[in-house]
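This report refers to the structure that appears directly beneath it.
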Amino acid sequence: MNNLVLSLAPKFTKLLTLVLRQENPQLEDTAVETIAKFCHDLQDLDLSKSFKLGDRSLYALSHGCRNLTKLNISGCTSFSDEGLEYLTKFCRKLKILNLCGCIKATTDCALQAIGQNCNMLHSLNLGWCDNVGDLGVTSLAYGCPDLRCLDLCGCVRITDDSVIALASGCLHLRSLGLYYCRNITNREMYSLAHSRVKNKASIWQPMKGRYDEEGLRSLNISQYTALTPSVVQALCDTFPALHTCSGRHSLVMSGYLNLTSVHCACAVQSHRTLNSILHTAH
Ligand SMILES: [Zn+2]
């Protein structure tokens, strides 16, 4: 694979998308350096699971591929936070960034750099990056106001402060993964629900009709030991696009909570329909 890239990259100078996802990582820094040297128009690059790659690759991309909007380096465990910080200074057009499992690279300093430099970010995967803390998530929340999808599954260090920051900074958030984030409490999940009510009154009210388009559509809170059904119900009431019904299941909470005690908008709707049928019958 490495030699193939070395020989082909110089011939494809107009390349926009390149997927180099591998099961058995062979890709080395020399390949990414060659890509960066010849493919300056590249917008979408997938280097996932290339754990032989080091920061040299990130430095090369910073200089050669500044038009990147989508970058997947999940499972690239050798990248450091300095390398990632450097990349964000030059690749400022990034909208979709997958850093799942990049444990060494995803420190709070690196997330601060993302919050400072990548303000157009829509989607960020930080799954199983257990160096991520509240400081980093807070910088993201206020630096990337367009964030729509954020996966924090397995970020065990984050606490209530992160949820508060996201609730107030990222008003367009539609998908939030909090699987295994054990340090978040009921109180702050309520704040996520209530922030929406507060923001809806001040910001969204003049834009009637947009209500259904905005707000969380997907939330994973599995393996939460502390949450109660009532707080999950509050979230469902606030975000009508979250579903617990079979088939639409966009609120995932397997593990500890009893699904049957939480009702999504469908249940309320069918209850109303049933009531009106009964009324008409009388
Ligand atoms: Zn439903």
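Identifiers in this document derive from the order of the structure tokens: chains are assigned A, B, ..., residues are numbered from 1 separately in each chain, and ligands are numbered from 1 in order of occurrence.
Residue-level DSSP output for stretch 44-167 of chain A, from the backbone, shows strand (DSSP E) at Asp44, Leu45, Asp46, Lys70, Leu71, Asn72, Ile96, Leu97, Asn98, Ser123, Leu124, Asn125, Cys149, Leu150 and Asp151 of chain A.
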Exercise. Would you mind listing the residues within 12 Å of ligand 1, counting only C-alpha atoms and all ligand atoms, as an MDAnalysis selection string?
Key: chainID A and resid 217 236:237 239:251 259 262:270
Self-check item: Interatomic distance (Å, one decimal) between atom CA of A:Phe38 and atom CA of A:Lys104
Solution: 28.6 Å
Self-check item: A:Pro25 environment, 10 Å, only C-alpha atoms, sequence neighbours closer than 2 positions dropped, as JSON, numbers by chain
Solution: {"A": [1, 2, 20, 21, 22, 23, 27, 28, 47, 48, 49, 50, 51, 52, 53, 76]}
Exercise. Give me, please, the distance in Å between atom CA of A:Gly215 and atom CA of A:Thr228, quoted to one decimal.
Key: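 Answer for the atom CA of A:Gly215 to atom CA of A:Thr228 separation: 21.5 Å.
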Practice problem: Would you mind listing what lies within 8 Å of A:Gly64 as a PyMOL selection string, with only C-alpha atoms counted and same-chain residues fewer than 2 positions away left out? | Solution: chain A and resi 36-40+60-62+66
Quiz prompt | Nearest to A:Ala105, chosen from A:Asn125, A:Asn183, A:Gln233, A:Thr77, with only C-alpha atoms counted in the distances | solution =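 Selected residue with least distance to A:Ala105: A:Thr77.
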Quiz prompt | Distance in Å - atom CA of A:Glu85 versus atom CA of A:Ser123 | solution =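 That distance, rounded to one decimal, is 17.5 Å.
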Quiz item: Quick one: residues within 8 Å of A:Leu216, only C-alpha atoms counted, chain neighbours fewer than 2 positions away excluded, as JSON, numbers by chain?
Solution: {"A": [172, 173, 174, 175, 176, 214, 218, 219, 239, 241, 242]}
Next, write the just-selected residues to a file, as a compact mmCIF listing (two decimals), in the first residue's frame, keeping C-alpha atoms as the atom set.
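Written out: again-v6.txt:
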```txt
# COMPACT_ATOMS: atom_id res chain seq x y z
CA HIS A 172 -27.34 23.41 16.82
CA LEU A 173 -26.21 20.18 18.45
CA ARG A 174 -28.24 17.31 17.04
CA SER A 175 -26.30 14.26 18.03
CA LEU A 176 -24.47 13.76 21.30
CA GLU A 214 -33.23 22.12 15.48
CA SER A 218 -29.63 11.52 18.63
CA LEU A 219 -28.38 10.94 22.15
CA PHE A 239 -36.17 17.51 22.28
CA ALA A 241 -36.91 14.50 17.77
CA LEU A 242 -35.48 12.10 20.36
```
Quiz item: Between A:Asp151, A:Asp134, A:Asp46, A:Asp81, which has the minimum distance to A:Cys100 (counting only C-alpha atoms)?
Solution: A:Asp151
Practice problem: Would you mind listing what lies within 6 Å of A:Thr88 as a ChimeraX atom specification, with only C-alpha atoms counted and same-chain residues fewer than 4 positions away left out? | Solution: /A:92,114,117
Quiz prompt | Option closest in space to A:Asp146, from A:Asp161, A:Tyr190, A:Lys70, A:Leu94 [counting only C-alpha atoms] | solution =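 That would be A:Leu94, the residue with the smallest distance to A:Asp146.
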Practice problem: Give me every helix (DSSP H, G or I) residue in stretch 38-104 of chain A, going by DSSP on the backbone, as a list in words. | Solution: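 Checking each residue of stretch 38-104 of chain A, the helix (DSSP H, G or I) ones are Phe38, Asp55, Arg56, Ser57, Leu58, Tyr59, Ala60, Leu61, Ser62, His63, Gly64, Asp81, Glu82, Gly83, Leu84, Glu85, Tyr86, Leu87, Thr88, Lys89 and Phe90 of chain A.
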